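**Student:** What follows is query.tsv; its format and atoms are TSV, C-alpha atoms.
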chain	number	residue	atom	x	y	z
A	261	MET	CA	0.00	0.00	0.00
A	262	ALA	CA	1.23	3.47	-0.82
A	263	ARG	CA	2.00	5.83	2.06
A	264	LYS	CA	1.70	9.59	1.91
A	265	GLN	CA	5.51	9.93	2.06
A	266	ASP	CA	5.71	8.01	-1.23
A	267	TYR	CA	4.23	11.05	-2.98
A	268	GLN	CA	6.30	14.23	-3.28
A	269	SER	CA	3.39	16.57	-4.11
A	270	ALA	CA	-0.30	16.77	-4.98
A	271	PHE	CA	0.68	16.39	-8.63
A	272	ASP	CA	1.88	12.85	-7.90
A	273	VAL	CA	-1.62	11.96	-6.68
A	274	ILE	CA	-3.43	13.70	-9.54
A	275	GLY	CA	-1.04	12.14	-12.04
A	276	PRO	CA	1.44	13.39	-14.62
A	277	VAL	CA	1.00	14.69	-18.12
A	278	MET	CA	1.08	11.44	-20.03
A	279	ILE	CA	0.25	9.37	-23.07
A	280	GLY	CA	-2.20	6.56	-22.34
A	281	PRO	CA	-5.40	5.72	-20.49
A	282	SER	CA	-4.10	4.91	-17.01
A	283	SER	CA	-1.52	6.54	-14.78
A	284	SER	CA	-0.80	3.22	-13.08
A	285	HIS	CA	-0.57	1.09	-16.21
A	286	THR	CA	1.03	3.60	-18.57
A	287	ALA	CA	2.72	6.54	-16.84
A	288	GLY	CA	4.00	4.33	-14.02
A	289	ALA	CA	5.20	1.75	-16.55
A	290	VAL	CA	7.07	4.45	-18.48
A	291	LYS	CA	8.87	5.50	-15.31
A	292	ILE	CA	9.90	1.94	-14.49
A	293	GLY	CA	11.26	1.74	-18.03
A	294	ASN	CA	13.00	5.09	-17.55
A	295	ALA	CA	14.75	3.66	-14.48
A	296	VAL	CA	16.19	0.90	-16.63
A	297	TYR	CA	17.29	3.38	-19.29
A	298	SER	CA	18.98	5.57	-16.66
A	299	VAL	CA	20.94	2.75	-15.05
A	300	LEU	CA	21.81	1.04	-18.35
A	301	GLN	CA	23.45	4.31	-19.50
A	302	ALA	CA	22.66	3.52	-23.15
A	303	GLU	CA	19.91	2.52	-25.52
A	304	PRO	CA	19.23	-1.17	-24.90
A	305	GLU	CA	20.03	-3.87	-27.40
A	306	ARG	CA	17.62	-6.26	-25.72
A	307	ILE	CA	14.65	-5.75	-23.37
A	308	GLU	CA	12.98	-8.55	-21.45
A	309	VAL	CA	9.88	-7.62	-19.45
A	310	HIS	CA	8.29	-9.83	-16.81
A	311	TYR	CA	4.80	-8.71	-15.75
A	312	TYR	CA	3.08	-9.84	-12.56
A	313	GLU	CA	-0.56	-9.97	-11.40
A	314	SER	CA	-2.51	-6.94	-12.71
A	315	PHE	CA	0.21	-5.97	-15.17
A	316	ALA	CA	0.31	-9.55	-16.45
A	317	ALA	CA	-3.46	-9.66	-16.91
A	318	THR	CA	-4.03	-6.27	-18.56
A	319	HIS	CA	-0.73	-5.07	-20.07
A	320	SER	CA	-1.77	-5.42	-23.71
A	321	GLY	CA	-5.13	-3.66	-23.42
A	322	HIS	CA	-3.84	-0.80	-21.28
A	323	GLY	CA	-0.83	-0.03	-23.46
A	324	THR	CA	1.59	-1.08	-20.74
A	325	ASP	CA	3.87	-2.79	-23.27
A	326	LYS	CA	4.28	0.40	-25.27
A	327	ALA	CA	4.82	2.39	-22.08
A	328	THR	CA	7.40	0.03	-20.61
A	329	VAL	CA	9.42	-0.31	-23.80
A	330	GLY	CA	9.11	3.40	-24.56
A	331	GLY	CA	10.46	4.26	-21.13
A	332	ALA	CA	13.29	1.76	-21.52
A	333	ILE	CA	14.42	3.45	-24.74
A	334	GLY	CA	14.31	6.88	-23.15
A	335	PHE	CA	10.84	8.32	-23.87
A	336	SER	CA	9.16	10.43	-21.19
A	337	THR	CA	5.57	10.00	-19.97
A	338	PHE	CA	4.35	12.76	-22.31
A	339	ASP	CA	6.32	11.75	-25.41
A	340	THR	CA	3.88	10.98	-28.22
A	341	ARG	CA	6.29	8.35	-29.57
A	342	ILE	CA	5.09	6.09	-26.74
A	343	ARG	CA	2.19	5.10	-29.01
A	344	GLU	CA	4.62	3.58	-31.52
A	345	ALA	CA	7.29	2.45	-29.04
A	346	LEU	CA	7.12	-1.23	-29.99
A	347	GLU	CA	7.47	-0.45	-33.69
A	348	ILE	CA	10.27	2.03	-33.00
A	349	ALA	CA	12.13	-0.57	-30.96
A	350	GLU	CA	11.74	-3.10	-33.77
A	351	ASP	CA	13.01	-0.58	-36.34
A	352	LYS	CA	16.05	0.04	-34.15
A	353	GLY	CA	16.75	-3.69	-34.03
A	354	ILE	CA	16.04	-3.90	-30.29
A	355	GLU	CA	14.92	-7.38	-29.28
A	356	VAL	CA	11.83	-7.22	-27.03
A	357	GLU	CA	10.33	-10.11	-25.09
A	358	ILE	CA	7.20	-9.79	-22.94
A	359	ILE	CA	6.57	-12.51	-20.35
A	360	GLU	CA	3.37	-12.90	-18.32
A	361	GLU	CA	4.26	-14.45	-14.98
A	362	SER	CA	1.62	-16.53	-13.22
A	363	GLY	CA	3.06	-16.42	-9.73
A	364	SER	CA	2.82	-13.82	-6.99
A	365	SER	CA	4.28	-10.40	-7.62
A	366	LEU	CA	7.98	-10.01	-6.91
A	367	GLY	CA	7.24	-6.48	-5.76
A	368	GLU	CA	4.38	-7.46	-3.42
A	369	HIS	CA	2.09	-5.23	-5.48
A	370	PRO	CA	-0.22	-6.11	-8.40
A	371	ASN	CA	1.28	-3.53	-10.76
A	372	CYS	CA	4.76	-4.99	-10.94
A	373	ALA	CA	7.33	-5.26	-13.74
A	374	LEU	CA	10.78	-6.78	-13.69
A	375	ILE	CA	12.71	-5.38	-16.66
A	376	LYS	CA	16.00	-6.86	-17.83
A	377	ALA	CA	18.06	-5.00	-20.42
A	378	ASP	CA	21.44	-5.31	-22.09
A	379	ALA	CA	23.74	-2.85	-23.85
A	380	GLY	CA	27.25	-3.96	-24.71
A	381	ASP	CA	28.74	-5.66	-21.66
A	382	ARG	CA	26.34	-3.94	-19.23
A	383	HIS	CA	23.36	-5.93	-17.91
A	384	VAL	CA	20.69	-4.23	-15.80
A	385	GLU	CA	17.61	-5.53	-14.02
A	386	VAL	CA	15.06	-3.28	-12.31
A	387	ASN	CA	12.04	-4.49	-10.38
A	388	GLY	CA	9.51	-1.67	-10.03
A	389	ILE	CA	5.92	-1.22	-8.93
A	390	SER	CA	3.41	1.41	-10.02
A	391	ILE	CA	1.49	2.59	-6.97
A	392	GLY	CA	-0.86	5.13	-8.60
A	393	GLY	CA	-0.85	8.62	-10.03
A	394	GLY	CA	2.21	7.82	-12.14
A	395	THR	CA	4.26	7.28	-8.97
A	396	ILE	CA	6.56	4.26	-8.72
A	397	LYS	CA	8.73	2.53	-6.18
A	398	ILE	CA	11.88	0.59	-6.97
A	399	LYS	CA	12.11	-2.80	-5.28
A	400	SER	CA	15.47	-3.97	-6.59
A	401	ILE	CA	18.31	-2.95	-8.89
A	402	ASN	CA	20.82	-5.36	-10.41
A	403	VAL	CA	23.88	-4.23	-12.38
A	404	ASN	CA	26.12	-6.94	-13.83
A	405	GLY	CA	25.20	-9.38	-11.07
A	406	LEU	CA	25.44	-6.92	-8.18
A	407	CYS	CA	22.02	-6.56	-6.56
A	408	ILE	CA	20.40	-4.14	-4.13
A	409	LEU	CA	17.03	-4.83	-2.52
A	410	MET	CA	15.06	-1.72	-1.65
A	411	ASN	CA	11.57	-0.26	-1.32
A	412	HIS	CA	11.94	3.40	-2.29
A	413	GLY	CA	10.31	6.07	-4.38
A	414	LEU	CA	12.14	8.54	-6.57
A	415	PRO	CA	14.56	10.25	-6.89
A	416	ILE	CA	17.33	7.68	-6.54
A	417	LEU	CA	21.03	8.14	-7.28
A	418	VAL	CA	22.64	4.86	-8.33
A	419	VAL	CA	26.42	4.52	-8.33
A	420	ASP	CA	28.49	1.55	-9.45
A	421	GLY	CA	32.08	0.77	-10.28
A	422	GLN	CA	35.23	-1.03	-9.24
A	423	THR	CA	36.85	0.70	-6.32
A	424	ASP	CA	37.56	0.31	-2.62
A	425	ASN	CA	35.71	1.23	0.55
A	426	ALA	CA	37.84	4.33	1.03
A	427	GLN	CA	36.68	5.88	-2.25
A	428	ILE	CA	33.05	4.97	-1.51
A	429	ASN	CA	33.33	6.73	1.84
A	430	HIS	CA	34.96	9.77	0.21
A	431	LEU	CA	32.09	9.89	-2.29
A	432	ILE	CA	29.42	9.70	0.40
A	433	ASN	CA	31.18	12.41	2.42
A	434	ASP	CA	31.33	14.63	-0.68
A	435	LEU	CA	27.62	14.09	-1.32
A	436	ILE	CA	26.89	15.19	2.25
A	437	ASP	CA	29.24	18.19	1.96
A	438	TRP	CA	27.48	19.20	-1.27
A	439	ASN	CA	24.14	19.13	0.59
A	440	VAL	CA	22.74	16.16	-1.30
A	441	ASP	CA	19.71	15.30	0.84
A	442	ILE	CA	20.08	11.53	1.31
A	443	ASN	CA	17.20	9.73	2.97
A	444	GLU	CA	18.84	6.31	2.95
A	445	GLN	CA	21.82	4.64	1.32
A	446	ILE	CA	22.01	0.96	0.44
A	447	LYS	CA	25.11	-0.74	-0.94
A	448	THR	CA	26.48	-4.11	-1.88
A	449	ILE	CA	30.19	-4.79	-2.24
A	450	LYS	CA	31.85	-7.81	-3.83
A	451	LYS	CA	35.32	-8.45	-5.17
A	452	GLU	CA	34.08	-7.84	-8.73
A	453	GLY	CA	32.64	-4.41	-7.94
A	454	TRP	CA	30.16	-2.44	-5.87
A	455	LEU	CA	26.71	-0.94	-6.20
A	456	LEU	CA	25.28	1.95	-4.17
A	457	ALA	CA	21.76	3.39	-4.21
A	458	CYS	CA	20.95	6.67	-2.45
A	459	ASN	CA	17.28	7.46	-1.99
A	460	LEU	CA	17.03	11.27	-2.00
A	461	ASN	CA	14.56	13.50	-0.20
A	462	LYS	CA	14.66	16.07	-3.00
A	463	SER	CA	15.76	16.39	-6.61
A	464	LEU	CA	19.44	16.62	-7.47
A	465	ASP	CA	20.56	19.77	-9.28
A	466	PRO	CA	21.85	18.88	-12.79
A	467	ASP	CA	24.93	21.08	-12.37
A	468	LEU	CA	25.81	19.35	-9.12
A	469	LEU	CA	25.34	15.93	-10.73
A	470	GLU	CA	27.77	16.96	-13.48
A	471	ARG	CA	30.25	18.18	-10.85
A	472	ILE	CA	30.07	14.84	-9.05
A	473	ARG	CA	30.56	12.93	-12.31
A	474	ASN	CA	33.58	15.05	-13.23
A	475	LYS	CA	35.28	14.48	-9.87
A	476	TYR	CA	34.63	10.74	-9.91
A	477	SER	CA	35.05	10.10	-13.62
A	478	ASP	CA	35.90	6.42	-13.14
A	479	ILE	CA	32.54	5.71	-11.47
A	480	VAL	CA	29.14	5.29	-13.15
A	481	PHE	CA	26.40	7.60	-11.87
A	482	SER	CA	22.76	6.98	-12.79
A	483	TYR	CA	20.01	9.36	-11.69
A	484	ILE	CA	16.47	7.98	-11.58
A	485	LYS	CA	13.95	10.79	-11.21
Rewrite the structure from the file as structure tokens, please.
**Tutor:**
Amino acid sequence: MARKQDYQSAFDVIGPVMIGPSSSHTAGAVKIGNAVYSVLQAEPERIEVHYYESFAATHSGHGTDKATVGGAIGFSTFDTRIREALEIAEDKGIEVEIIEESGSSLGEHPNCALIKADAGDRHVEVNGISIGGGTIKIKSINVNGLCILMNHGLPILVVDGQTDNAQINHLINDLIDWNVDINEQIKTIKKEGWLLACNLNKSLDPDLLERIRNKYSDIVFSYIK
């Protein structure tokens, strides 16, 4: 169930400017797709979508497929190209597979999509739920086998790379010094790399994001908003 803190403003409840008949099944699906596009850092070569419960039952009729794929190739909720997203993906040579799962939702919510995408040697998986009004929550993020479990709304700053704990701590300290309003940070560290997700209380200024990227040029920063 959505809580009032999951919504940033009244506009999140009313719903966004969007293409499609349903904020939950189209606008929310676009944003889950956008999360994949942000973390993948490139246009996908392959998209695999697993739908659960309500999404699995109604995705075709509600335009959820177009919305999910459109978001995953970088279209916003109000981009008119959403209507032709499947055809556009096909024209671009992007392989798309839609799978209707029969089991319980991975996200413990009926409007759930697990999207897997590949670009080059980067593999990303995002499990997201659409909780109404075009608002989503991210339940998990996987980058090249490194996984974070979470239950957070947007915005989220995702950071991954191959470094040591000292640099991660320097980065977090810099974020705090630069007044990045972090609600919670979740990280996983393995010998092959590390993955950090920072749920933010407010939007990140684009100039500040560029400053962070310039200072830590060997680290991948993805901003889901």
**Student:** Would you compute the distance between atom CA of Lys450 of chain A and atom CA of Asp420 of chain A? Give it in Å to one decimal.
**Tutor:**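 Spanning atom CA of Lys450 of chain A to atom CA of Asp420 of chain A is a straight-line distance of 11.4 Å.
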**Student:** Here is a test: counting only C-alpha atoms, which residue of A:Glu355, A:Asp339, A:Glu385, A:Glu347 is nearest to Tyr297 of chain A?
**Tutor:**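 Using only C-alpha atoms, Tyr297 of chain A sits closest to A:Glu385.
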**Student:** So that I can see what lies close to segment 304-307 of chain A, please list as a ChimeraX atom specification the residues with an atom at most 10 Å from it, counting all atoms listed in the file and leaving out residues fewer than 4 positions away in the same chain.
**Tutor:** /A:293,296-297,300,328-329,332-334,349,352-358,375-380,382-385
**Student:** Between A:Ile449, A:Ala426, A:Val419, A:Leu468, single out the one closest to Phe481 of chain A, counting all atoms listed in the file.
**Tutor:**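 Residue with the minimum atom-to-atom distance to Phe481 of chain A: A:Val419.
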**Student:** Which residues are close to Asn371 of chain A, i.e. within 9 Å by all atoms listed in the file, leaving aside same-chain residues fewer than 3 positions away? Reply as a PyMOL selection string.
**Tutor:** chain A and resi 284-285+288-289+311-316+365+367-368+388-391
**Student:** What is the distance between atom CA of Gln445 of chain A and atom CA of Ala457 of chain A, in Å to one decimal?
**Tutor:**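 Separation between atom CA of Gln445 of chain A and atom CA of Ala457 of chain A: 5.7 Å.
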**Student:** Could you tell me how far atom CA of Ile416 of chain A sits from atom CA of Tyr483 of chain A, in Å to one decimal place?
**Tutor:**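 Computing the Euclidean distance for atom CA of Tyr483 of chain A and atom CA of Ile416 of chain A yields 6.0 Å.
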**Student:** Neighbours of Gly413 of chain A within 10 Å (all atoms listed in the file; same-chain residues fewer than 2 positions away dropped), as a VMD selection string?
**Tutor:** chain A and resid 265 to 268 388 to 389 391 395 to 399 410 to 411 415 to 416 459 to 461 484 to 485
**Student:** Can you work out which one of A:Gly393, A:Gly363, A:Gly421, A:Pro370 has the shortest atom-to-atom distance to His319 of chain A, counting all atoms listed in the file?
**Tutor:**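 Going through A:Gly393, A:Gly363, A:Gly421, A:Pro370 one by one, the smallest distance to His319 of chain A is for A:Pro370.
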**Student:** Between A:His369, A:Lys475, A:Lys291, A:His322, which is the closest to Leu431 of chain A once you count only C-alpha atoms?
**Tutor:**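 Closest candidate: A:Lys475.
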**Student:** Could you pull the residues within 12 Å of Asp465 of chain A, counting only C-alpha atoms, minus those fewer than 2 positions along the same chain, as a VMD selection string?
**Tutor:** chain A and resid 415 417 438 to 441 460 462 to 463 467 to 472 483 485
**Student:** How big is the axis-aligned box around all listed atoms of segment 303-307 of chain A once 6 Å goes on each side, and where's its centre, in Å to one decimal, as JSON?
**Tutor:**
{"center_x": 17.3, "center_y": -1.9, "center_z": -25.4, "size_x": 17.4, "size_y": 20.8, "size_z": 16.0}
**Student:** Given the choices A:Ser364, A:His430, A:Glu344, A:Asp381, which gets closest to Gln301 of chain A if the distance is worked out from only C-alpha atoms?
**Tutor:**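 When distances to Gln301 of chain A are compared using only C-alpha atoms, the smallest one comes from A:Asp381.
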**Student:** Could you tell me which of A:Val418, A:Asn404, A:Asn429, A:Ile442 comes closest to Ser482 of chain A if we count only C-alpha atoms?
**Tutor:**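 For Ser482 of chain A, the nearest of the given residues is A:Val418.
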**Student:** Using the block above, I'd like segment 351-393 of chain A written out, keeping N, CA and C atoms and formatting it as a PDB file, in the first residue's frame.
**Tutor:**
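result-v3.pdb, written as the output of this step:
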ATOM      1  N   ASP A 351      12.249  -1.259 -35.285  1.00  0.00           N
ATOM      2  CA  ASP A 351      13.010  -0.584 -36.342  1.00  0.00           C
ATOM      3  C   ASP A 351      14.468  -0.376 -35.938  1.00  0.00           C
ATOM      4  N   LYS A 352      14.688  -0.172 -34.651  1.00  0.00           N
ATOM      5  CA  LYS A 352      16.051   0.039 -34.147  1.00  0.00           C
ATOM      6  C   LYS A 352      16.814  -1.277 -33.979  1.00  0.00           C
ATOM      7  N   GLY A 353      16.117  -2.391 -34.197  1.00  0.00           N
ATOM      8  CA  GLY A 353      16.751  -3.687 -34.026  1.00  0.00           C
ATOM      9  C   GLY A 353      16.855  -4.130 -32.581  1.00  0.00           C
ATOM     10  N   ILE A 354      16.039  -3.536 -31.703  1.00  0.00           N
ATOM     11  CA  ILE A 354      16.044  -3.900 -30.285  1.00  0.00           C
ATOM     12  C   ILE A 354      15.149  -5.116 -30.091  1.00  0.00           C
ATOM     13  N   GLU A 355      15.699  -6.164 -29.542  1.00  0.00           N
ATOM     14  CA  GLU A 355      14.918  -7.378 -29.277  1.00  0.00           C
ATOM     15  C   GLU A 355      14.061  -7.155 -28.031  1.00  0.00           C
ATOM     16  N   VAL A 356      12.762  -7.417 -28.150  1.00  0.00           N
ATOM     17  CA  VAL A 356      11.834  -7.222 -27.034  1.00  0.00           C
ATOM     18  C   VAL A 356      11.094  -8.523 -26.758  1.00  0.00           C
ATOM     19  N   GLU A 357      11.086  -8.924 -25.507  1.00  0.00           N
ATOM     20  CA  GLU A 357      10.330 -10.110 -25.093  1.00  0.00           C
ATOM     21  C   GLU A 357       9.449  -9.744 -23.909  1.00  0.00           C
ATOM     22  N   ILE A 358       8.161 -10.055 -24.010  1.00  0.00           N
ATOM     23  CA  ILE A 358       7.197  -9.789 -22.941  1.00  0.00           C
ATOM     24  C   ILE A 358       6.773 -11.124 -22.339  1.00  0.00           C
ATOM     25  N   ILE A 359       6.886 -11.258 -21.022  1.00  0.00           N
ATOM     26  CA  ILE A 359       6.571 -12.513 -20.345  1.00  0.00           C
ATOM     27  C   ILE A 359       5.520 -12.254 -19.270  1.00  0.00           C
ATOM     28  N   GLU A 360       4.422 -12.986 -19.336  1.00  0.00           N
ATOM     29  CA  GLU A 360       3.369 -12.897 -18.322  1.00  0.00           C
ATOM     30  C   GLU A 360       3.628 -13.955 -17.259  1.00  0.00           C
ATOM     31  N   GLU A 361       3.992 -13.521 -16.074  1.00  0.00           N
ATOM     32  CA  GLU A 361       4.262 -14.445 -14.985  1.00  0.00           C
ATOM     33  C   GLU A 361       2.964 -14.811 -14.258  1.00  0.00           C
ATOM     34  N   SER A 362       2.845 -16.066 -13.867  1.00  0.00           N
ATOM     35  CA  SER A 362       1.619 -16.526 -13.216  1.00  0.00           C
ATOM     36  C   SER A 362       1.704 -16.520 -11.697  1.00  0.00           C
ATOM     37  N   GLY A 363       2.891 -16.382 -11.173  1.00  0.00           N
ATOM     38  CA  GLY A 363       3.060 -16.415  -9.725  1.00  0.00           C
ATOM     39  C   GLY A 363       2.785 -15.081  -9.062  1.00  0.00           C
ATOM     40  N   SER A 364       3.024 -15.046  -7.766  1.00  0.00           N
ATOM     41  CA  SER A 364       2.819 -13.823  -6.989  1.00  0.00           C
ATOM     42  C   SER A 364       3.835 -12.762  -7.403  1.00  0.00           C
ATOM     43  N   SER A 365       3.440 -11.512  -7.223  1.00  0.00           N
ATOM     44  CA  SER A 365       4.278 -10.397  -7.621  1.00  0.00           C
ATOM     45  C   SER A 365       5.588 -10.368  -6.842  1.00  0.00           C
ATOM     46  N   LEU A 366       6.685 -10.180  -7.563  1.00  0.00           N
ATOM     47  CA  LEU A 366       7.982 -10.010  -6.910  1.00  0.00           C
ATOM     48  C   LEU A 366       8.015  -8.751  -6.060  1.00  0.00           C
ATOM     49  N   GLY A 367       7.234  -7.753  -6.470  1.00  0.00           N
ATOM     50  CA  GLY A 367       7.236  -6.481  -5.763  1.00  0.00           C
ATOM     51  C   GLY A 367       6.178  -6.363  -4.693  1.00  0.00           C
ATOM     52  N   GLU A 368       5.462  -7.459  -4.412  1.00  0.00           N
ATOM     53  CA  GLU A 368       4.384  -7.461  -3.417  1.00  0.00           C
ATOM     54  C   GLU A 368       3.355  -6.382  -3.710  1.00  0.00           C
ATOM     55  N   HIS A 369       3.074  -6.210  -5.009  1.00  0.00           N
ATOM     56  CA  HIS A 369       2.093  -5.231  -5.485  1.00  0.00           C
ATOM     57  C   HIS A 369       1.591  -5.726  -6.837  1.00  0.00           C
ATOM     58  N   PRO A 370       0.308  -5.552  -7.142  1.00  0.00           N
ATOM     59  CA  PRO A 370      -0.224  -6.112  -8.399  1.00  0.00           C
ATOM     60  C   PRO A 370       0.313  -5.465  -9.667  1.00  0.00           C
ATOM     61  N   ASN A 371       0.735  -4.203  -9.582  1.00  0.00           N
ATOM     62  CA  ASN A 371       1.284  -3.525 -10.765  1.00  0.00           C
ATOM     63  C   ASN A 371       2.807  -3.596 -10.714  1.00  0.00           C
ATOM     64  N   CYS A 372       3.335  -4.739 -11.105  1.00  0.00           N
ATOM     65  CA  CYS A 372       4.763  -4.991 -10.943  1.00  0.00           C
ATOM     66  C   CYS A 372       5.387  -5.420 -12.263  1.00  0.00           C
ATOM     67  N   ALA A 373       6.558  -4.864 -12.560  1.00  0.00           N
ATOM     68  CA  ALA A 373       7.328  -5.263 -13.738  1.00  0.00           C
ATOM     69  C   ALA A 373       8.787  -5.447 -13.361  1.00  0.00           C
ATOM     70  N   LEU A 374       9.347  -6.557 -13.783  1.00  0.00           N
ATOM     71  CA  LEU A 374      10.784  -6.784 -13.693  1.00  0.00           C
ATOM     72  C   LEU A 374      11.326  -6.641 -15.110  1.00  0.00           C
ATOM     73  N   ILE A 375      12.169  -5.648 -15.317  1.00  0.00           N
ATOM     74  CA  ILE A 375      12.710  -5.380 -16.657  1.00  0.00           C
ATOM     75  C   ILE A 375      14.195  -5.701 -16.664  1.00  0.00           C
ATOM     76  N   LYS A 376      14.595  -6.521 -17.636  1.00  0.00           N
ATOM     77  CA  LYS A 376      15.997  -6.858 -17.827  1.00  0.00           C
ATOM     78  C   LYS A 376      16.445  -6.272 -19.164  1.00  0.00           C
ATOM     79  N   ALA A 377      17.599  -5.648 -19.183  1.00  0.00           N
ATOM     80  CA  ALA A 377      18.063  -5.004 -20.422  1.00  0.00           C
ATOM     81  C   ALA A 377      19.570  -5.128 -20.545  1.00  0.00           C
ATOM     82  N   ASP A 378      20.023  -5.177 -21.796  1.00  0.00           N
ATOM     83  CA  ASP A 378      21.444  -5.305 -22.087  1.00  0.00           C
ATOM     84  C   ASP A 378      21.877  -4.255 -23.097  1.00  0.00           C
ATOM     85  N   ALA A 379      23.084  -3.734 -22.884  1.00  0.00           N
ATOM     86  CA  ALA A 379      23.739  -2.845 -23.853  1.00  0.00           C
ATOM     87  C   ALA A 379      25.233  -3.078 -23.731  1.00  0.00           C
ATOM     88  N   GLY A 380      25.834  -3.625 -24.791  1.00  0.00           N
ATOM     89  CA  GLY A 380      27.248  -3.960 -24.706  1.00  0.00           C
ATOM     90  C   GLY A 380      27.489  -4.988 -23.629  1.00  0.00           C
ATOM     91  N   ASP A 381      28.448  -4.714 -22.735  1.00  0.00           N
ATOM     92  CA  ASP A 381      28.737  -5.657 -21.659  1.00  0.00           C
ATOM     93  C   ASP A 381      28.042  -5.278 -20.350  1.00  0.00           C
ATOM     94  N   ARG A 382      27.055  -4.379 -20.429  1.00  0.00           N
ATOM     95  CA  ARG A 382      26.338  -3.944 -19.231  1.00  0.00           C
ATOM     96  C   ARG A 382      24.945  -4.594 -19.198  1.00  0.00           C
ATOM     97  N   HIS A 383      24.652  -5.278 -18.106  1.00  0.00           N
ATOM     98  CA  HIS A 383      23.357  -5.929 -17.915  1.00  0.00           C
ATOM     99  C   HIS A 383      22.685  -5.310 -16.694  1.00  0.00           C
ATOM    100  N   VAL A 384      21.440  -4.897 -16.867  1.00  0.00           N
ATOM    101  CA  VAL A 384      20.692  -4.225 -15.800  1.00  0.00           C
ATOM    102  C   VAL A 384      19.342  -4.902 -15.604  1.00  0.00           C
ATOM    103  N   GLU A 385      18.944  -5.045 -14.360  1.00  0.00           N
ATOM    104  CA  GLU A 385      17.607  -5.529 -14.024  1.00  0.00           C
ATOM    105  C   GLU A 385      16.997  -4.581 -12.992  1.00  0.00           C
ATOM    106  N   VAL A 386      15.771  -4.153 -13.249  1.00  0.00           N
ATOM    107  CA  VAL A 386      15.062  -3.282 -12.312  1.00  0.00           C
ATOM    108  C   VAL A 386      13.686  -3.880 -12.042  1.00  0.00           C
ATOM    109  N   ASN A 387      13.365  -4.061 -10.785  1.00  0.00           N
ATOM    110  CA  ASN A 387      12.035  -4.492 -10.384  1.00  0.00           C
ATOM    111  C   ASN A 387      11.323  -3.265  -9.815  1.00  0.00           C
ATOM    112  N   GLY A 388      10.231  -2.854 -10.464  1.00  0.00           N
ATOM    113  CA  GLY A 388       9.509  -1.668 -10.026  1.00  0.00           C
ATOM    114  C   GLY A 388       8.025  -1.920  -9.911  1.00  0.00           C
ATOM    115  N   ILE A 389       7.373  -1.137  -9.073  1.00  0.00           N
ATOM    116  CA  ILE A 389       5.918  -1.224  -8.927  1.00  0.00           C
ATOM    117  C   ILE A 389       5.311   0.156  -9.161  1.00  0.00           C
ATOM    118  N   SER A 390       4.128   0.165  -9.759  1.00  0.00           N
ATOM    119  CA  SER A 390       3.408   1.409 -10.025  1.00  0.00           C
ATOM    120  C   SER A 390       2.291   1.529  -9.001  1.00  0.00           C
ATOM    121  N   ILE A 391       2.386   2.527  -8.122  1.00  0.00           N
ATOM    122  CA  ILE A 391       1.485   2.594  -6.968  1.00  0.00           C
ATOM    123  C   ILE A 391       0.352   3.596  -7.136  1.00  0.00           C
ATOM    124  N   GLY A 392       0.252   4.222  -8.333  1.00  0.00           N
ATOM    125  CA  GLY A 392      -0.857   5.135  -8.604  1.00  0.00           C
ATOM    126  C   GLY A 392      -0.396   6.554  -8.877  1.00  0.00           C
ATOM    127  N   GLY A 393      -1.151   7.230  -9.727  1.00  0.00           N
ATOM    128  CA  GLY A 393      -0.852   8.620 -10.035  1.00  0.00           C
ATOM    129  C   GLY A 393       0.437   8.808 -10.801  1.00  0.00           C
TER     130      GLY A 393
END
